[in-house]
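Working notes, structure below.
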Amino acid sequence: MSLKIRLSRAGTTKRPYYHVVIADARSPRDGRFIEKVGTYDPKVEDSKRVNLVTERIQHWLSVGAQPTDRVLRFLDAAGLAKRAPRNNPERAKPGKKATERVEARAKAEADKAAAAAAPAAE
């Protein structure tokens, strides 16, 4: 049985609240879980946002439970697990349409400057 440490959504519409749970990887997101090991409330200030039961999380990590990406961020902030930094330089580049707009704008400005300089030269 492969175990996951993941978030299970609670709360109402437009008011999310999450439980950090240990669950079988095959069970649904909000379905059956083995143990609740913390909470995450994205609507409150930073100091009270994440609460974790560190002893139980260390136990489950030692028996092979794999945290999801978001939970791994929480564990890294708490010093329970190490998260490798990600680097995606392609993400920072503008898309194809935005690049075309910038090139068109630069060409229009160059044409306008050349047109303004041509009558002045005569």
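FYI, nothing fancy with the structure tokens labels: chains A, B, ... in order, residues from 1 per chain, ligands from 1 as they appear.
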- prompt: Leaving out Ser8 (chain A) and any residue of its chain fewer than 3 positions from it, which residues lie within 12 Å of it when counting only C-alpha atoms, given as a PyMOL selection string?
  reply: chain A and resi 4-5+11+16-23+27-41+68+70-71
| request: Extract the full set of strand (DSSP E or B) residues from region 5-35 of chain A according to DSSP on the backbone, and format it as a VMD selection string. | output: chain A and resid 5 to 12 15 to 24 35
Take the residues that were just selected and, keeping N, CA and C atoms, output them as a PDB file, in the first residue's frame.
ATOM      1  N   ILE A   5       1.065  11.774   1.905  1.00  0.00           N
ATOM      2  CA  ILE A   5       0.729  12.844   2.836  1.00  0.00           C
ATOM      3  C   ILE A   5       0.188  13.953   1.950  1.00  0.00           C
ATOM      4  N   ARG A   6      -1.105  14.235   2.065  1.00  0.00           N
ATOM      5  CA  ARG A   6      -1.717  15.182   1.141  1.00  0.00           C
ATOM      6  C   ARG A   6      -2.785  16.022   1.826  1.00  0.00           C
ATOM      7  N   LEU A   7      -3.323  16.970   1.069  1.00  0.00           N
ATOM      8  CA  LEU A   7      -4.367  17.851   1.586  1.00  0.00           C
ATOM      9  C   LEU A   7      -5.738  17.275   1.259  1.00  0.00           C
ATOM     10  N   SER A   8      -6.646  17.378   2.205  1.00  0.00           N
ATOM     11  CA  SER A   8      -8.029  16.977   2.014  1.00  0.00           C
ATOM     12  C   SER A   8      -8.887  18.208   2.271  1.00  0.00           C
ATOM     13  N   ARG A   9      -9.669  18.605   1.296  1.00  0.00           N
ATOM     14  CA  ARG A   9     -10.418  19.856   1.403  1.00  0.00           C
ATOM     15  C   ARG A   9     -11.624  19.721   2.318  1.00  0.00           C
ATOM     16  N   ALA A  10     -11.807  20.748   3.134  1.00  0.00           N
ATOM     17  CA  ALA A  10     -12.981  20.876   3.985  1.00  0.00           C
ATOM     18  C   ALA A  10     -13.472  22.310   3.812  1.00  0.00           C
ATOM     19  N   GLY A  11     -14.372  22.765   4.635  1.00  0.00           N
ATOM     20  CA  GLY A  11     -14.872  24.121   4.515  1.00  0.00           C
ATOM     21  C   GLY A  11     -16.027  24.186   3.537  1.00  0.00           C
ATOM     22  N   THR A  12     -16.517  25.400   3.307  1.00  0.00           N
ATOM     23  CA  THR A  12     -17.669  25.581   2.442  1.00  0.00           C
ATOM     24  C   THR A  12     -17.243  26.244   1.136  1.00  0.00           C
ATOM     25  N   ARG A  15     -14.732  29.272   0.917  1.00  0.00           N
ATOM     26  CA  ARG A  15     -14.042  29.349   2.216  1.00  0.00           C
ATOM     27  C   ARG A  15     -13.239  28.068   2.409  1.00  0.00           C
ATOM     28  N   PRO A  16     -12.155  27.892   1.664  1.00  0.00           N
ATOM     29  CA  PRO A  16     -11.415  26.632   1.738  1.00  0.00           C
ATOM     30  C   PRO A  16     -10.704  26.449   3.076  1.00  0.00           C
ATOM     31  N   TYR A  17     -10.608  25.210   3.476  1.00  0.00           N
ATOM     32  CA  TYR A  17      -9.897  24.805   4.678  1.00  0.00           C
ATOM     33  C   TYR A  17      -9.425  23.381   4.399  1.00  0.00           C
ATOM     34  N   TYR A  18      -8.193  23.075   4.706  1.00  0.00           N
ATOM     35  CA  TYR A  18      -7.641  21.782   4.347  1.00  0.00           C
ATOM     36  C   TYR A  18      -7.112  21.049   5.574  1.00  0.00           C
ATOM     37  N   HIS A  19      -7.272  19.730   5.579  1.00  0.00           N
ATOM     38  CA  HIS A  19      -6.653  18.864   6.565  1.00  0.00           C
ATOM     39  C   HIS A  19      -5.452  18.210   5.891  1.00  0.00           C
ATOM     40  N   VAL A  20      -4.327  18.148   6.601  1.00  0.00           N
ATOM     41  CA  VAL A  20      -3.175  17.398   6.113  1.00  0.00           C
ATOM     42  C   VAL A  20      -3.371  15.975   6.621  1.00  0.00           C
ATOM     43  N   VAL A  21      -3.499  15.025   5.685  1.00  0.00           N
ATOM     44  CA  VAL A  21      -3.841  13.657   6.075  1.00  0.00           C
ATOM     45  C   VAL A  21      -2.860  12.650   5.476  1.00  0.00           C
ATOM     46  N   ILE A  22      -2.817  11.495   6.112  1.00  0.00           N
ATOM     47  CA  ILE A  22      -2.113  10.336   5.580  1.00  0.00           C
ATOM     48  C   ILE A  22      -3.182   9.460   4.942  1.00  0.00           C
ATOM     49  N   ALA A  23      -3.015   9.173   3.648  1.00  0.00           N
ATOM     50  CA  ALA A  23      -4.044   8.397   2.952  1.00  0.00           C
ATOM     51  C   ALA A  23      -3.388   7.432   1.982  1.00  0.00           C
ATOM     52  N   ASP A  24      -4.128   6.391   1.655  1.00  0.00           N
ATOM     53  CA  ASP A  24      -3.709   5.484   0.597  1.00  0.00           C
ATOM     54  C   ASP A  24      -3.766   6.258  -0.719  1.00  0.00           C
ATOM     55  N   GLU A  35      -4.901   8.873   8.961  1.00  0.00           N
ATOM     56  CA  GLU A  35      -4.685   9.728  10.128  1.00  0.00           C
ATOM     57  C   GLU A  35      -4.621  11.188   9.696  1.00  0.00           C
TER      58      GLU A  35
END
* Asked: When DSSP works through the backbone of this structure, what residues of region 6-95 of chain A end up as helix (DSSP H, G or I), shown as a PyMOL selection string?
  -> chain A and resi 46-49+54-62+69-78+89-92
For the residues in the current selection, export N, CA and C atoms as a PDB file, in the first residue's frame.
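Produced file result.pdb, reproduced below:
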ATOM      1  N   ASP A  46      -0.056  34.490   8.021  1.00  0.00           N
ATOM      2  CA  ASP A  46       0.997  33.500   7.794  1.00  0.00           C
ATOM      3  C   ASP A  46       1.363  32.667   9.019  1.00  0.00           C
ATOM      4  N   SER A  47       1.412  33.264  10.192  1.00  0.00           N
ATOM      5  CA  SER A  47       1.881  32.519  11.361  1.00  0.00           C
ATOM      6  C   SER A  47       0.913  31.408  11.775  1.00  0.00           C
ATOM      7  N   LYS A  48      -0.379  31.555  11.470  1.00  0.00           N
ATOM      8  CA  LYS A  48      -1.378  30.559  11.879  1.00  0.00           C
ATOM      9  C   LYS A  48      -1.877  29.713  10.706  1.00  0.00           C
ATOM     10  N   ARG A  49      -1.274  29.873   9.549  1.00  0.00           N
ATOM     11  CA  ARG A  49      -1.785  29.235   8.336  1.00  0.00           C
ATOM     12  C   ARG A  49      -1.625  27.710   8.356  1.00  0.00           C
ATOM     13  N   THR A  54       4.350  17.294  14.162  1.00  0.00           N
ATOM     14  CA  THR A  54       5.654  16.914  13.613  1.00  0.00           C
ATOM     15  C   THR A  54       6.055  15.479  13.940  1.00  0.00           C
ATOM     16  N   GLU A  55       5.742  15.008  15.141  1.00  0.00           N
ATOM     17  CA  GLU A  55       6.146  13.644  15.517  1.00  0.00           C
ATOM     18  C   GLU A  55       5.497  12.606  14.607  1.00  0.00           C
ATOM     19  N   ARG A  56       4.213  12.781  14.361  1.00  0.00           N
ATOM     20  CA  ARG A  56       3.487  11.819  13.533  1.00  0.00           C
ATOM     21  C   ARG A  56       3.937  11.907  12.066  1.00  0.00           C
ATOM     22  N   ILE A  57       4.220  13.106  11.586  1.00  0.00           N
ATOM     23  CA  ILE A  57       4.694  13.249  10.208  1.00  0.00           C
ATOM     24  C   ILE A  57       6.053  12.591  10.051  1.00  0.00           C
ATOM     25  N   GLN A  58       6.944  12.766  11.032  1.00  0.00           N
ATOM     26  CA  GLN A  58       8.246  12.102  10.976  1.00  0.00           C
ATOM     27  C   GLN A  58       8.086  10.588  10.971  1.00  0.00           C
ATOM     28  N   HIS A  59       7.137  10.087  11.771  1.00  0.00           N
ATOM     29  CA  HIS A  59       6.879   8.643  11.783  1.00  0.00           C
ATOM     30  C   HIS A  59       6.429   8.156  10.406  1.00  0.00           C
ATOM     31  N   TRP A  60       5.468   8.853   9.801  1.00  0.00           N
ATOM     32  CA  TRP A  60       4.940   8.405   8.507  1.00  0.00           C
ATOM     33  C   TRP A  60       5.976   8.547   7.401  1.00  0.00           C
ATOM     34  N   LEU A  61       6.814   9.582   7.472  1.00  0.00           N
ATOM     35  CA  LEU A  61       7.896   9.695   6.490  1.00  0.00           C
ATOM     36  C   LEU A  61       8.887   8.543   6.646  1.00  0.00           C
ATOM     37  N   SER A  62       9.130   8.118   7.891  1.00  0.00           N
ATOM     38  CA  SER A  62      10.076   7.025   8.121  1.00  0.00           C
ATOM     39  C   SER A  62       9.549   5.687   7.608  1.00  0.00           C
ATOM     40  N   ASP A  69       3.384  17.750  -3.644  1.00  0.00           N
ATOM     41  CA  ASP A  69       4.202  18.948  -3.835  1.00  0.00           C
ATOM     42  C   ASP A  69       3.871  20.038  -2.827  1.00  0.00           C
ATOM     43  N   ARG A  70       2.597  20.318  -2.630  1.00  0.00           N
ATOM     44  CA  ARG A  70       2.194  21.388  -1.716  1.00  0.00           C
ATOM     45  C   ARG A  70       2.555  21.048  -0.285  1.00  0.00           C
ATOM     46  N   VAL A  71       2.316  19.814   0.124  1.00  0.00           N
ATOM     47  CA  VAL A  71       2.654  19.408   1.491  1.00  0.00           C
ATOM     48  C   VAL A  71       4.170  19.411   1.678  1.00  0.00           C
ATOM     49  N   LEU A  72       4.912  19.066   0.643  1.00  0.00           N
ATOM     50  CA  LEU A  72       6.366  19.097   0.739  1.00  0.00           C
ATOM     51  C   LEU A  72       6.863  20.519   0.979  1.00  0.00           C
ATOM     52  N   ARG A  73       6.179  21.507   0.428  1.00  0.00           N
ATOM     53  CA  ARG A  73       6.523  22.908   0.709  1.00  0.00           C
ATOM     54  C   ARG A  73       6.327  23.209   2.198  1.00  0.00           C
ATOM     55  N   PHE A  74       5.224  22.745   2.771  1.00  0.00           N
ATOM     56  CA  PHE A  74       4.966  22.969   4.188  1.00  0.00           C
ATOM     57  C   PHE A  74       6.024  22.281   5.054  1.00  0.00           C
ATOM     58  N   LEU A  75       6.368  21.043   4.688  1.00  0.00           N
ATOM     59  CA  LEU A  75       7.353  20.288   5.457  1.00  0.00           C
ATOM     60  C   LEU A  75       8.731  20.926   5.361  1.00  0.00           C
ATOM     61  N   ASP A  76       9.052  21.466   4.204  1.00  0.00           N
ATOM     62  CA  ASP A  76      10.336  22.150   4.028  1.00  0.00           C
ATOM     63  C   ASP A  76      10.387  23.402   4.896  1.00  0.00           C
ATOM     64  N   ALA A  77       9.297  24.153   4.940  1.00  0.00           N
ATOM     65  CA  ALA A  77       9.246  25.358   5.773  1.00  0.00           C
ATOM     66  C   ALA A  77       9.351  25.006   7.256  1.00  0.00           C
ATOM     67  N   ALA A  78       8.829  23.852   7.638  1.00  0.00           N
ATOM     68  CA  ALA A  78       8.880  23.416   9.038  1.00  0.00           C
ATOM     69  C   ALA A  78      10.184  22.705   9.375  1.00  0.00           C
ATOM     70  N   PRO A  89      13.432  28.269 -16.656  1.00  0.00           N
ATOM     71  CA  PRO A  89      13.648  29.568 -17.298  1.00  0.00           C
ATOM     72  C   PRO A  89      12.670  29.843 -18.431  1.00  0.00           C
ATOM     73  N   GLU A  90      12.070  28.817 -19.006  1.00  0.00           N
ATOM     74  CA  GLU A  90      11.105  29.012 -20.094  1.00  0.00           C
ATOM     75  C   GLU A  90       9.830  29.691 -19.598  1.00  0.00           C
ATOM     76  N   ARG A  91       9.523  29.539 -18.327  1.00  0.00           N
ATOM     77  CA  ARG A  91       8.297  30.098 -17.781  1.00  0.00           C
ATOM     78  C   ARG A  91       8.321  31.627 -17.775  1.00  0.00           C
ATOM     79  N   ALA A  92       9.505  32.208 -17.625  1.00  0.00           N
ATOM     80  CA  ALA A  92       9.625  33.660 -17.534  1.00  0.00           C
ATOM     81  C   ALA A  92       9.549  34.344 -18.893  1.00  0.00           C
TER      82      ALA A  92
END
Check your understanding: Do you have the CA of Pro85 (chain A)-CA of Gly64 (chain A) distance handy?
Key ->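 Taking CA of Pro85 (chain A) as the start and CA of Gly64 (chain A) as the end point, the length is 21.8 Å.
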